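*Asks:* Take a look at this one; I'll ask things after.
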Amino acid sequence: DEHKYFGANISFGTFYLFLSVVMSISALPLLARILIECKLMSQPVGILAITTATVEDLISWPVLGLCLGLASKSTPLYILWLILLILGA
């Protein structure tokens, strides 16, 4: 059954996009703690890791807002408002 995991009123594409975005969001505080404990925060590899995780999160959160707007079958204006709200937070 196609809607076994995500309900009959949500398309598979929306569910797949939501799942992909949620899995890509990183745990920045945990990453920072690991890098500090391993004394890698000031090393090039630590700086690269925390920078890329931050940039990735800055991209993922607005996309997650788009996914939520698509899942709720909202108007395009509401989806735009949701993305702007997430970007401003």
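Scheme for the structure tokens: letters A, B, ... for chains in order shown; per-chain residue numbers from 1; ligand numbers from 1 in order shown.
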Give me, as a list of chain:residue names, all polymer residues having an atom no more than 10 Å from Gly69 of chain A, counting only C-alpha atoms and skipping those fewer than 2 positions away in the same chain.
*Replies:* A:Thr14, A:Val63, A:Leu64, A:Gly65, A:Leu66, A:Cys67, A:Ala71, A:Ser72, A:Lys73, A:Ser74, A:Thr75, A:Pro76, A:Leu77, A:Tyr78, A:Ile79, A:Leu80, A:Trp81, A:Leu82, A:Ile83
*Asks:* Can you tell me, as a PyMOL selection string, what residues are no more than 8 Å from segment 15-28 of chain A when counting only C-alpha atoms, ignoring any on the same chain fewer than 5 positions away?
*Replies:* chain A and resi 6+10+50+53-54+56-57+60-61+63-64+67-68+71
*Asks:* Distance atom CA of Ala49 of chain A-atom CA of Leu31 of chain A, one decimal place?
*Replies:*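 Pair atom CA of Ala49 of chain A / atom CA of Leu31 of chain A returns 8.3 Å.
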